[in-house]
Amino acid sequence: MSTWEVLRSVGYSGKPLDVLVAVSFEGSIAGARLMRHNEPILTLGLSDQDIERFVTGFAGVNLMDPGGAGTGPDAPDIISRATVSTGVIRDAILRTARLLAISRGLVPGGGIDRIGFASQSWAELEAMGAVRHHVVTLSEAHAALPGAKPPIPEGSAPFIDLWVALADTPTIGRNILGEQQFNRVTGALEPEEYLLFVASHGLYSHRGTNWRRSGVFDRLMIRQGKVDFPLTDAGYTRIDKLPLWDAPPFKERSLFRIRGGRFDPTQPFELAFTASRSTAAGQDTSFTLSLDYQLPDRFVQAPPAEVAPLWHRTWAEKKFAVISVAAMQVSLTLILLFQEPLVRRKRLWLRIRLAYLTITLVWLGWVLNGQLSVVQVVAFLQSMLAGFRWETFLIEPVIFTLWAGVAMGLLFWGRGVFCGWLCPFGALQELSNLLARRLGVPQLSVPHAVHERLWMIKYILFMAILALSFYSMRDALILAEVEPFKTAISLRMVRAWPYVAFVLILLMAGLFIERFYCRYLCPLGAALSIPAKLKVFDWLHRRPQCGRECRLCETKCTVGAIDPLGRINANECVLCLRCQVVMNDPETCPVLKRRARANVAPSPTPQSQTP
């Protein structure tokens, strides 16, 4: 079976994902072959060959094992390599293989037991509810059919004693019909057909004779829910005798095939029986009885347990990582909410910022691999068009937790929540530039006119990646290699030399121009700045003198987000709070210095008056 044709499987990229799955007669996966995908595997350094090896590794997985654990050494290690894409592929393979095995009867599929057999008498079948009946006495029929011609005598004898049983399961059908007759009728069954045994004795026939002309047994009807299933001569077999010695003295025995894909033998149904007679006035009178039936639970097979979604397992296994990321976001929220007392303490602000950036780089980036990417933004937009599924994005708990916090941060503070504090590569740039300045590396100042025009590059890159993804996700991923995140953070520089060289060039440029990549090339920063325009609050303060009497904050800004007039461009600000520290530092801010001098200047000495 094809995962795309069966499940319409869609990958993390929002594009079709197709894997051909084969199942063996033993109920295990015989093999899997990757046919088509548009997954952003390059963002984690995986090649097509890596994904193909991952897919073929599912051979041997036992479908009766809910966890999908393999039986040999080639079983796929899905947890240690649980990327979003491989998790989506895993679920598609296991769900498709399970459906294929159930449809071919290779594993129990939640239907009825067609294999198990136990010898039972009629009394034992009746005791377990496998056969059921309803008796209408002559007196009851006389009252229900008033004026019938010929009249129905009264008495306790049966007008009709109607019996019914679902005969597909061997314990019921083989005991009632006998082995030879049971094998013959079950062997002729088509898919989604079921055997219904009906027998009766008494004055009235459950078959009648009209069916010989119309082809439909008008006295009988199967009802399940709001759906009726007529019984026709095409599925009718007359049974002449039964092998059970204690079976009732039936006058008629019939076997019907219930047709229709909507009939569920595991659910209750009723056999509706209609009796009618003509009256002396030439009219018809009738009554209907309903004989309820439900197959005993012992003959209903429980389906194999559904494979637990991968995101359940990954969230359980990465619980500590998720808690630590959430704790980082809570602490950042406190820093930004109570920034006023913090920025008045320059050394405390610097220590907290350096410590936070170090944790972001080492713990969040290199240990947890919590680096967001523009590919995730593109995949989210593609999934909104192709059919959004939360499960796809929940597979990676660290990334999901990060995005949840960043989404809230965009609403309250803008893109700086991520770019300035939670981006591992941004932290690497700032820390390396700080070290360079401590070592005396000269800093280059880009003229503001040039600086503004260079901003366009990252917006053009983002729009190009997004537009290209609608044409070819593979080509979009190649262009997304402009992001150095995967090389520097996810793969820790263990990659082919051109990628490593590209990262080193960016970091080298960042030694002379602080956050060079963030300023001019980052498509993720451009993507985040667009919804950041909806932010509710403006937490950064400015003075009337800023940009007119003093331009110190402009020169100190990490990313050059302050223009010559002192205005902060929220699209470029990374919320480092450096401008707020400068504004509140009485030893740095010229305005505060001037106020301090005015407050301590001695009063002029009054001159004596000449007489």
# chains A, B, ... in the order shown; residues from 1 in each chain; ligands from 1
>>> residues_around(residues="region 142-144 of chain A", least_positions_apart="5", cutoff="8 Å", atoms="only C-alpha atoms", output="PDB file with N, CA and C atoms, in the first residue's frame")
ATOM      1  N   PRO A 151     -59.652 -16.982  10.347  1.00  0.00           N
ATOM      2  CA  PRO A 151     -59.335 -16.498  11.698  1.00  0.00           C
ATOM      3  C   PRO A 151     -58.223 -17.322  12.336  1.00  0.00           C
ATOM      4  N   ILE A 152     -57.448 -16.633  13.190  1.00  0.00           N
ATOM      5  CA  ILE A 152     -56.359 -17.303  13.901  1.00  0.00           C
ATOM      6  C   ILE A 152     -56.907 -17.824  15.217  1.00  0.00           C
ATOM      7  N   PRO A 153     -56.777 -19.118  15.468  1.00  0.00           N
ATOM      8  CA  PRO A 153     -57.286 -19.655  16.733  1.00  0.00           C
ATOM      9  C   PRO A 153     -56.477 -19.130  17.901  1.00  0.00           C
ATOM     10  N   GLU A 154     -57.079 -19.140  19.057  1.00  0.00           N
ATOM     11  CA  GLU A 154     -56.368 -18.715  20.266  1.00  0.00           C
ATOM     12  C   GLU A 154     -55.758 -19.932  20.938  1.00  0.00           C
ATOM     13  N   SER A 286     -51.582  -6.286   9.719  1.00  0.00           N
ATOM     14  CA  SER A 286     -50.242  -6.822   9.961  1.00  0.00           C
ATOM     15  C   SER A 286     -49.705  -6.344  11.303  1.00  0.00           C
ATOM     16  N   PHE A 287     -48.673  -6.993  11.754  1.00  0.00           N
ATOM     17  CA  PHE A 287     -47.915  -6.540  12.929  1.00  0.00           C
ATOM     18  C   PHE A 287     -46.440  -6.885  12.680  1.00  0.00           C
TER      19      PHE A 287
END
>>> residues_around(residues="Leu125 (chain A)", least_positions_apart="6", cutoff="10 Å", atoms="only C-alpha atoms", output="list in words")
Ser119, Val131, Arg132, Ala165, Thr171, Ile172, Asn175 and Ile176 of chain A
>>> atom_distance(atom1="CA of Leu162 (chain A)", atom2="CA of Pro249 (chain A)")
11.7 Å
>>> residues_around(residues="Arg345 (chain A)", least_positions_apart="5", cutoff="9 Å", atoms="only C-alpha atoms", output="PyMOL selection string")
chain A and resi 350+581+584-585
>>> closest_atom_pairs(of="region 237-348 of chain A", to="region 135-139 of chain A", cutoff="12 Å", atoms="only C-alpha atoms", output="Markdown table")
| residue | atom | partner | partner_atom | distance |
| --- | --- | --- | --- | --- |
| A:Phe273 | CA | A:Val136 | CA | 11.1 |
| A:Thr274 | CA | A:Val136 | CA | 11.8 |
| A:Ala275 | CA | A:Val136 | CA | 10.6 |
| A:Phe287 | CA | A:Val136 | CA | 11.0 |
| A:Thr288 | CA | A:Val136 | CA | 10.8 |
| A:Leu289 | CA | A:Val136 | CA | 8.9 |
| A:Ser290 | CA | A:Val135 | CA | 11.2 |
| A:Leu291 | CA | A:Val135 | CA | 9.9 |
>>> select_by_dssp(residues="region 74-295 of chain A", states="strand (DSSP E)", output="short mmCIF file (atom, residue, chain, number, x, y, z; two decimals) with N, CA, C and O atoms, in the first residue's frame")
data_model
loop_
_atom_site.label_atom_id
_atom_site.label_comp_id
_atom_site.auth_asym_id
_atom_site.auth_seq_id
_atom_site.Cartn_x
_atom_site.Cartn_y
_atom_site.Cartn_z
N VAL A 131 -27.39 -17.63 20.02
CA VAL A 131 -28.67 -17.73 19.29
C VAL A 131 -29.75 -17.13 20.19
O VAL A 131 -29.72 -17.30 21.41
N ARG A 132 -30.66 -16.41 19.56
CA ARG A 132 -31.74 -15.79 20.32
C ARG A 132 -33.06 -16.04 19.59
O ARG A 132 -33.08 -16.26 18.36
N HIS A 133 -34.14 -15.97 20.37
CA HIS A 133 -35.44 -16.22 19.73
C HIS A 133 -36.52 -15.40 20.40
O HIS A 133 -36.34 -14.83 21.48
N HIS A 134 -37.68 -15.36 19.71
CA HIS A 134 -38.85 -14.65 20.21
C HIS A 134 -40.08 -15.46 19.79
O HIS A 134 -40.20 -15.85 18.62
N VAL A 135 -40.99 -15.69 20.75
CA VAL A 135 -42.18 -16.49 20.51
C VAL A 135 -43.40 -15.58 20.48
O VAL A 135 -43.58 -14.74 21.37
N VAL A 136 -44.22 -15.75 19.44
CA VAL A 136 -45.53 -15.09 19.36
C VAL A 136 -46.58 -16.21 19.42
O VAL A 136 -46.63 -17.07 18.53
N THR A 137 -47.36 -16.21 20.48
CA THR A 137 -48.37 -17.26 20.64
C THR A 137 -49.56 -17.00 19.73
O THR A 137 -49.74 -15.90 19.18
N PRO A 158 -47.26 -21.82 19.55
CA PRO A 158 -46.60 -20.71 18.85
C PRO A 158 -47.24 -20.41 17.51
O PRO A 158 -47.44 -21.31 16.70
N PHE A 159 -47.56 -19.13 17.30
CA PHE A 159 -47.91 -18.66 15.96
C PHE A 159 -46.63 -18.67 15.11
O PHE A 159 -46.63 -19.08 13.96
N ILE A 160 -45.54 -18.20 15.75
CA ILE A 160 -44.20 -18.35 15.19
C ILE A 160 -43.19 -18.25 16.32
O ILE A 160 -43.30 -17.40 17.21
N ASP A 161 -42.24 -19.15 16.32
CA ASP A 161 -41.09 -19.11 17.23
C ASP A 161 -39.88 -18.83 16.35
O ASP A 161 -39.38 -19.72 15.66
N LEU A 162 -39.42 -17.58 16.37
CA LEU A 162 -38.40 -17.11 15.43
C LEU A 162 -37.04 -17.09 16.12
O LEU A 162 -36.88 -16.51 17.20
N TRP A 163 -36.02 -17.72 15.47
CA TRP A 163 -34.67 -17.80 16.00
C TRP A 163 -33.70 -17.10 15.02
O TRP A 163 -33.92 -17.14 13.81
N VAL A 164 -32.65 -16.52 15.58
CA VAL A 164 -31.67 -15.83 14.75
C VAL A 164 -30.28 -16.00 15.35
O VAL A 164 -30.13 -16.10 16.58
N ALA A 165 -29.28 -16.05 14.50
CA ALA A 165 -27.89 -16.14 14.93
C ALA A 165 -26.99 -15.62 13.81
O ALA A 165 -27.30 -15.79 12.62
N LEU A 166 -25.90 -14.97 14.20
CA LEU A 166 -24.87 -14.56 13.24
C LEU A 166 -23.90 -15.73 13.13
O LEU A 166 -23.24 -16.09 14.11
N GLU A 193 -19.33 -9.47 3.47
CA GLU A 193 -20.57 -10.21 3.54
C GLU A 193 -20.58 -11.05 4.81
O GLU A 193 -19.53 -11.56 5.22
N TYR A 194 -21.76 -11.21 5.40
CA TYR A 194 -21.87 -11.92 6.67
C TYR A 194 -23.06 -12.88 6.59
O TYR A 194 -24.04 -12.64 5.87
N LEU A 195 -22.97 -13.96 7.37
CA LEU A 195 -23.99 -15.02 7.35
C LEU A 195 -24.99 -14.82 8.48
O LEU A 195 -24.59 -14.64 9.64
N LEU A 196 -26.25 -14.89 8.12
CA LEU A 196 -27.32 -14.77 9.11
C LEU A 196 -28.16 -16.05 9.06
O LEU A 196 -28.71 -16.40 8.00
N PHE A 197 -28.25 -16.72 10.20
CA PHE A 197 -29.07 -17.93 10.31
C PHE A 197 -30.43 -17.55 10.90
O PHE A 197 -30.50 -16.89 11.94
N VAL A 198 -31.52 -17.94 10.21
CA VAL A 198 -32.88 -17.68 10.67
C VAL A 198 -33.64 -19.00 10.60
O VAL A 198 -33.60 -19.68 9.57
N ALA A 199 -34.32 -19.33 11.68
CA ALA A 199 -35.13 -20.57 11.71
C ALA A 199 -36.40 -20.28 12.48
O ALA A 199 -36.47 -19.34 13.30
N SER A 200 -37.42 -21.07 12.23
CA SER A 200 -38.69 -20.87 12.92
C SER A 200 -39.51 -22.16 12.89
O SER A 200 -39.27 -23.06 12.08
N HIS A 201 -40.46 -22.22 13.81
CA HIS A 201 -41.50 -23.26 13.76
C HIS A 201 -42.77 -22.63 14.32
O HIS A 201 -42.75 -21.63 15.03
N VAL A 216 -37.13 -10.72 -3.10
CA VAL A 216 -36.87 -10.10 -1.80
C VAL A 216 -37.76 -10.75 -0.76
O VAL A 216 -38.97 -10.92 -0.99
N PHE A 217 -37.17 -11.08 0.38
CA PHE A 217 -37.95 -11.66 1.48
C PHE A 217 -38.63 -10.51 2.22
O PHE A 217 -38.01 -9.83 3.06
N ASP A 218 -39.92 -10.31 1.89
CA ASP A 218 -40.62 -9.14 2.41
C ASP A 218 -40.99 -9.28 3.88
O ASP A 218 -41.36 -8.30 4.52
N ARG A 219 -40.90 -10.48 4.42
CA ARG A 219 -41.26 -10.67 5.82
C ARG A 219 -40.09 -10.41 6.77
O ARG A 219 -40.29 -10.32 7.99
N LEU A 220 -38.88 -10.30 6.23
CA LEU A 220 -37.68 -10.13 7.05
C LEU A 220 -36.91 -8.90 6.61
O LEU A 220 -36.84 -8.59 5.41
N MET A 221 -36.30 -8.23 7.58
CA MET A 221 -35.46 -7.06 7.30
C MET A 221 -34.45 -6.91 8.45
O MET A 221 -34.80 -7.02 9.62
N ILE A 222 -33.19 -6.67 8.08
CA ILE A 222 -32.16 -6.39 9.07
C ILE A 222 -32.05 -4.87 9.23
O ILE A 222 -31.93 -4.14 8.23
N ARG A 223 -32.07 -4.42 10.47
CA ARG A 223 -31.92 -2.99 10.75
C ARG A 223 -30.77 -2.81 11.74
O ARG A 223 -30.71 -3.48 12.76
N GLN A 224 -29.87 -1.90 11.39
CA GLN A 224 -28.76 -1.53 12.28
C GLN A 224 -28.65 -0.02 12.28
O GLN A 224 -28.32 0.59 11.27
N VAL A 227 -30.02 2.22 9.25
CA VAL A 227 -29.79 1.61 7.95
C VAL A 227 -30.52 0.27 7.88
O VAL A 227 -30.43 -0.53 8.82
N ASP A 228 -31.24 0.03 6.79
CA ASP A 228 -31.92 -1.24 6.55
C ASP A 228 -31.14 -2.07 5.54
O ASP A 228 -30.62 -1.53 4.55
N PHE A 229 -31.08 -3.38 5.80
CA PHE A 229 -30.40 -4.32 4.90
C PHE A 229 -31.40 -5.38 4.48
O PHE A 229 -31.73 -6.28 5.27
N PRO A 230 -31.93 -5.31 3.27
CA PRO A 230 -32.91 -6.30 2.83
C PRO A 230 -32.24 -7.67 2.59
O PRO A 230 -31.04 -7.74 2.29
N LEU A 231 -33.03 -8.73 2.74
CA LEU A 231 -32.56 -10.08 2.49
C LEU A 231 -33.15 -10.55 1.16
O LEU A 231 -34.36 -10.49 0.95
N THR A 232 -32.28 -10.99 0.25
CA THR A 232 -32.71 -11.33 -1.10
C THR A 232 -32.41 -12.79 -1.40
O THR A 232 -31.64 -13.45 -0.69
N TYR A 236 -29.55 -16.31 -0.47
CA TYR A 236 -30.37 -17.23 0.35
C TYR A 236 -29.94 -18.68 0.11
O TYR A 236 -29.68 -19.09 -1.02
N THR A 237 -29.85 -19.43 1.21
CA THR A 237 -29.59 -20.88 1.15
C THR A 237 -30.57 -21.57 2.08
O THR A 237 -30.66 -21.21 3.27
N ARG A 238 -31.28 -22.56 1.55
CA ARG A 238 -32.20 -23.32 2.39
C ARG A 238 -31.44 -24.44 3.10
O ARG A 238 -30.64 -25.15 2.49
N GLU A 252 -38.74 -24.43 9.40
CA GLU A 252 -37.98 -23.81 8.31
C GLU A 252 -36.63 -23.35 8.84
O GLU A 252 -36.53 -22.84 9.96
N ARG A 253 -35.63 -23.54 8.01
CA ARG A 253 -34.26 -23.13 8.35
C ARG A 253 -33.69 -22.40 7.13
O ARG A 253 -33.70 -22.96 6.02
N SER A 254 -33.19 -21.18 7.36
CA SER A 254 -32.70 -20.36 6.24
C SER A 254 -31.34 -19.76 6.60
O SER A 254 -31.05 -19.48 7.77
N LEU A 255 -30.56 -19.56 5.56
CA LEU A 255 -29.26 -18.90 5.71
C LEU A 255 -29.20 -17.75 4.70
O LEU A 255 -29.44 -17.96 3.50
N PHE A 256 -28.92 -16.54 5.20
CA PHE A 256 -28.89 -15.36 4.35
C PHE A 256 -27.50 -14.72 4.41
O PHE A 256 -26.83 -14.76 5.45
N ARG A 257 -27.13 -14.11 3.32
CA ARG A 257 -25.91 -13.30 3.30
C ARG A 257 -26.31 -11.83 3.42
O ARG A 257 -27.08 -11.32 2.59
N ILE A 258 -25.78 -11.17 4.45
CA ILE A 258 -26.02 -9.74 4.62
C ILE A 258 -24.99 -8.99 3.79
O ILE A 258 -23.78 -9.16 3.99
N ARG A 259 -25.46 -8.18 2.89
CA ARG A 259 -24.57 -7.45 2.00
C ARG A 259 -24.62 -5.96 2.32
O ARG A 259 -25.62 -5.45 2.77
N PHE A 269 -27.84 -5.31 16.27
CA PHE A 269 -28.78 -5.10 15.17
C PHE A 269 -30.08 -5.80 15.53
O PHE A 269 -30.17 -6.48 16.57
N GLU A 270 -31.08 -5.64 14.72
CA GLU A 270 -32.35 -6.28 14.98
C GLU A 270 -32.89 -6.93 13.70
O GLU A 270 -32.66 -6.43 12.59
N LEU A 271 -33.55 -8.05 13.88
CA LEU A 271 -34.25 -8.73 12.79
C LEU A 271 -35.72 -8.35 12.90
O LEU A 271 -36.41 -8.72 13.85
N ALA A 272 -36.19 -7.57 11.93
CA ALA A 272 -37.59 -7.14 11.91
C ALA A 272 -38.41 -8.17 11.13
O ALA A 272 -38.10 -8.47 9.97
N PHE A 273 -39.43 -8.72 11.79
CA PHE A 273 -40.31 -9.72 11.17
C PHE A 273 -41.71 -9.14 11.07
O PHE A 273 -42.25 -8.61 12.05
N THR A 274 -42.30 -9.25 9.89
CA THR A 274 -43.64 -8.71 9.65
C THR A 274 -44.58 -9.86 9.27
O THR A 274 -44.28 -10.63 8.35
N ALA A 275 -45.71 -9.96 10.01
CA ALA A 275 -46.75 -10.95 9.70
C ALA A 275 -47.99 -10.21 9.24
O ALA A 275 -48.37 -9.18 9.83
N SER A 276 -48.63 -10.72 8.19
CA SER A 276 -49.82 -10.04 7.66
C SER A 276 -50.86 -11.08 7.24
O SER A 276 -50.53 -12.21 6.87
N ARG A 277 -52.11 -10.67 7.31
CA ARG A 277 -53.24 -11.49 6.87
C ARG A 277 -54.28 -10.57 6.23
O ARG A 277 -54.40 -9.39 6.58
N SER A 278 -55.04 -11.13 5.34
CA SER A 278 -56.17 -10.39 4.76
C SER A 278 -57.37 -10.50 5.68
O SER A 278 -57.54 -11.49 6.41
N ASP A 284 -55.73 -5.57 4.33
CA ASP A 284 -54.63 -6.28 4.97
C ASP A 284 -54.41 -5.75 6.38
O ASP A 284 -54.53 -4.54 6.63
N THR A 285 -54.12 -6.64 7.26
CA THR A 285 -53.74 -6.27 8.63
C THR A 285 -52.41 -6.94 8.93
O THR A 285 -52.14 -8.05 8.45
N SER A 286 -51.58 -6.29 9.72
CA SER A 286 -50.24 -6.82 9.96
C SER A 286 -49.70 -6.34 11.30
O SER A 286 -50.24 -5.40 11.90
N PHE A 287 -48.67 -6.99 11.75
CA PHE A 287 -47.91 -6.54 12.93
C PHE A 287 -46.44 -6.88 12.68
O PHE A 287 -46.11 -7.77 11.87
N THR A 288 -45.59 -6.15 13.38
CA THR A 288 -44.14 -6.34 13.23
C THR A 288 -43.52 -6.53 14.60
O THR A 288 -43.84 -5.81 15.55
N LEU A 289 -42.63 -7.51 14.68
CA LEU A 289 -41.86 -7.70 15.91
C LEU A 289 -40.39 -7.53 15.58
O LEU A 289 -39.94 -7.77 14.45
N SER A 290 -39.64 -7.08 16.57
CA SER A 290 -38.20 -6.87 16.40
C SER A 290 -37.46 -7.80 17.34
O SER A 290 -37.70 -7.79 18.56
N LEU A 291 -36.59 -8.59 16.77
CA LEU A 291 -35.77 -9.53 17.54
C LEU A 291 -34.36 -8.95 17.61
O LEU A 291 -33.63 -8.91 16.62
N ASP A 292 -33.99 -8.45 18.80
CA ASP A 292 -32.68 -7.84 18.98
C ASP A 292 -31.60 -8.92 19.07
O ASP A 292 -31.82 -9.98 19.65
N TYR A 293 -30.44 -8.57 18.51
CA TYR A 293 -29.33 -9.52 18.54
C TYR A 293 -28.01 -8.77 18.64
O TYR A 293 -27.83 -7.72 18.01
#
>>> residues_around(residues="region 490-497 of chain A", least_positions_apart="4", cutoff="9 Å", atoms="only C-alpha atoms", output="PyMOL selection string")
chain A and resi 43-45+365-371+485-486+501-503
>>> write_last_selection(atoms="all heavy atoms", output="CSV table (one decimal), in the first residue's frame")
chain,number,residue,atom,x,y,z
A,43,THR,N,17.8,20.6,7.0
A,43,THR,CA,18.0,21.5,8.1
A,43,THR,C,18.7,20.7,9.3
A,43,THR,O,19.1,21.4,10.2
A,43,THR,CB,16.6,22.0,8.6
A,43,THR,OG1,15.8,20.9,8.9
A,43,THR,CG2,16.0,22.8,7.4
A,44,LEU,N,18.7,19.4,9.3
A,44,LEU,CA,19.3,18.7,10.3
A,44,LEU,C,20.5,17.9,9.8
A,44,LEU,O,21.0,16.9,10.4
A,44,LEU,CB,18.3,17.8,11.0
A,44,LEU,CG,17.3,18.5,11.8
A,44,LEU,CD1,16.2,17.6,12.3
A,44,LEU,CD2,18.0,19.2,13.0
A,45,GLY,N,20.9,18.2,8.6
A,45,GLY,CA,22.1,17.5,8.0
A,45,GLY,C,21.9,16.1,7.5
A,45,GLY,O,22.8,15.4,7.4
A,365,GLY,N,21.1,25.6,22.5
A,365,GLY,CA,21.6,25.3,21.1
A,365,GLY,C,22.3,24.0,21.0
A,365,GLY,O,21.9,23.1,20.3
A,366,TRP,N,23.5,23.9,21.6
A,366,TRP,CA,24.4,22.7,21.4
A,366,TRP,C,23.9,21.4,22.1
A,366,TRP,O,24.1,20.3,21.6
A,366,TRP,CB,25.8,23.0,21.8
A,366,TRP,CG,26.5,24.0,20.9
A,366,TRP,CD1,26.2,24.1,19.5
A,366,TRP,CD2,27.6,24.8,21.2
A,366,TRP,NE1,27.1,25.1,19.0
A,366,TRP,CE2,27.9,25.5,20.0
A,366,TRP,CE3,28.3,25.1,22.3
A,366,TRP,CZ2,28.9,26.5,19.9
A,366,TRP,CZ3,29.3,26.1,22.3
A,366,TRP,CH2,29.6,26.7,21.1
A,367,VAL,N,23.2,21.6,23.2
A,367,VAL,CA,22.7,20.4,23.9
A,367,VAL,C,21.3,20.0,23.5
A,367,VAL,O,21.1,18.8,23.1
A,367,VAL,CB,22.8,20.6,25.5
A,367,VAL,CG1,22.2,19.4,26.2
A,367,VAL,CG2,24.2,20.9,25.9
A,368,LEU,N,20.4,20.9,23.5
A,368,LEU,CA,19.0,20.6,23.2
A,368,LEU,C,18.7,20.7,21.7
A,368,LEU,O,17.6,20.3,21.3
A,368,LEU,CB,18.1,21.5,24.0
A,368,LEU,CG,18.1,21.4,25.5
A,368,LEU,CD1,17.1,22.2,26.2
A,368,LEU,CD2,18.0,19.9,26.0
A,369,ASN,N,19.6,21.3,20.9
A,369,ASN,CA,19.3,21.5,19.5
A,369,ASN,C,18.1,22.3,19.3
A,369,ASN,O,17.3,22.1,18.4
A,369,ASN,CB,19.2,20.1,18.8
A,369,ASN,CG,19.3,20.3,17.3
A,369,ASN,OD1,19.8,21.2,16.8
A,369,ASN,ND2,18.8,19.3,16.5
A,370,GLY,N,17.9,23.3,20.1
A,370,GLY,CA,16.8,24.2,20.1
A,370,GLY,C,17.0,25.4,19.2
A,370,GLY,O,16.8,26.6,19.7
A,371,GLN,N,17.3,25.2,18.0
A,371,GLN,CA,17.6,26.4,17.1
A,371,GLN,C,16.4,26.4,16.1
A,371,GLN,O,16.1,25.5,15.3
A,371,GLN,CB,18.9,26.2,16.3
A,371,GLN,CG,19.1,27.2,15.2
A,371,GLN,CD,19.4,28.6,15.8
A,371,GLN,OE1,20.4,28.8,16.5
A,371,GLN,NE2,18.5,29.5,15.6
A,485,PHE,N,22.6,28.0,10.9
A,485,PHE,CA,22.2,27.4,12.1
A,485,PHE,C,22.5,26.0,12.2
A,485,PHE,O,23.0,25.4,13.2
A,485,PHE,CB,20.7,27.6,12.4
A,485,PHE,CG,20.3,29.1,12.3
A,485,PHE,CD1,19.0,29.4,12.0
A,485,PHE,CD2,21.2,30.1,12.6
A,485,PHE,CE1,18.5,30.7,12.0
A,485,PHE,CE2,20.8,31.4,12.5
A,485,PHE,CZ,19.4,31.7,12.2
A,486,LYS,N,22.2,25.3,11.1
A,486,LYS,CA,22.4,23.8,11.2
A,486,LYS,C,23.8,23.4,11.3
A,486,LYS,O,24.1,22.4,12.0
A,486,LYS,CB,21.7,23.2,9.9
A,486,LYS,CG,22.3,23.6,8.6
A,486,LYS,CD,21.5,23.2,7.4
A,486,LYS,CE,20.2,24.1,7.3
A,486,LYS,NZ,20.4,25.5,7.0
A,501,ALA,N,33.1,26.6,6.2
A,501,ALA,CA,33.8,27.9,5.8
A,501,ALA,C,32.8,29.0,5.7
A,501,ALA,O,33.1,30.2,6.1
A,501,ALA,CB,34.4,27.7,4.4
A,502,PHE,N,31.6,28.8,5.3
A,502,PHE,CA,30.5,29.8,5.3
A,502,PHE,C,30.2,30.3,6.7
A,502,PHE,O,30.1,31.6,6.9
A,502,PHE,CB,29.3,29.3,4.6
A,502,PHE,CG,28.1,30.2,4.6
A,502,PHE,CD1,28.2,31.4,3.9
A,502,PHE,CD2,26.9,30.0,5.3
A,502,PHE,CE1,27.1,32.3,3.9
A,502,PHE,CE2,25.9,30.9,5.3
A,502,PHE,CZ,26.0,32.0,4.5
A,503,VAL,N,30.2,29.4,7.6
A,503,VAL,CA,29.9,29.9,9.0
A,503,VAL,C,31.1,30.7,9.6
A,503,VAL,O,30.9,31.7,10.2
A,503,VAL,CB,29.7,28.6,9.9
A,503,VAL,CG1,29.6,29.0,11.4
A,503,VAL,CG2,28.4,27.9,9.5
>>> closest_residue(among="A:Pro146, A:Gly215, A:Pro341, A:Gly111", to="Ala281 (chain A)", atoms="only C-alpha atoms")
A:Pro146
>>> closest_residue(among="A:Met508, A:Val417, A:Met456, A:Leu394", to="Pro523 (chain A)", atoms="only C-alpha atoms")
A:Met456
>>> residues_around(residues="Ser324 (chain A)", least_positions_apart="4", cutoff="10 Å", atoms="only C-alpha atoms", output="ChimeraX atom specification")
/A:318-320,328-330,363-364,368,398
>>> write_last_selection(atoms="N, CA and C atoms", output="mmCIF file, in the first residue's frame")
data_model
loop_
_atom_site.group_PDB
_atom_site.id
_atom_site.type_symbol
_atom_site.label_atom_id
_atom_site.label_comp_id
_atom_site.auth_asym_id
_atom_site.auth_seq_id
_atom_site.Cartn_x
_atom_site.Cartn_y
_atom_site.Cartn_z
ATOM 1 N N LYS A 318 11.484 13.848 26.742
ATOM 2 C CA LYS A 318 12.166 15.144 26.797
ATOM 3 C C LYS A 318 11.492 16.094 27.791
ATOM 4 N N LYS A 319 10.902 15.511 28.792
ATOM 5 C CA LYS A 319 10.183 16.321 29.780
ATOM 6 C C LYS A 319 11.112 17.323 30.450
ATOM 7 N N PHE A 320 12.289 16.889 30.851
ATOM 8 C CA PHE A 320 13.217 17.794 31.525
ATOM 9 C C PHE A 320 13.660 18.907 30.588
ATOM 10 N N MET A 328 13.529 28.965 31.012
ATOM 11 C CA MET A 328 14.259 30.054 30.358
ATOM 12 C C MET A 328 13.294 31.127 29.870
ATOM 13 N N GLN A 329 12.164 30.717 29.320
ATOM 14 C CA GLN A 329 11.197 31.688 28.810
ATOM 15 C C GLN A 329 10.539 32.468 29.944
ATOM 16 N N VAL A 330 10.270 31.791 31.055
ATOM 17 C CA VAL A 330 9.684 32.490 32.204
ATOM 18 C C VAL A 330 10.679 33.513 32.759
ATOM 19 N N TRP A 363 23.361 25.346 26.289
ATOM 20 C CA TRP A 363 22.292 24.413 26.666
ATOM 21 C C TRP A 363 21.202 24.316 25.603
ATOM 22 N N LEU A 364 20.632 25.489 25.251
ATOM 23 C CA LEU A 364 19.529 25.471 24.306
ATOM 24 C C LEU A 364 19.995 25.069 22.907
ATOM 25 N N LEU A 368 20.402 20.906 23.497
ATOM 26 C CA LEU A 368 19.006 20.569 23.182
ATOM 27 C C LEU A 368 18.665 20.700 21.707
ATOM 28 N N VAL A 398 10.928 20.497 22.115
ATOM 29 C CA VAL A 398 11.746 21.679 22.402
ATOM 30 C C VAL A 398 11.423 22.794 21.408
#
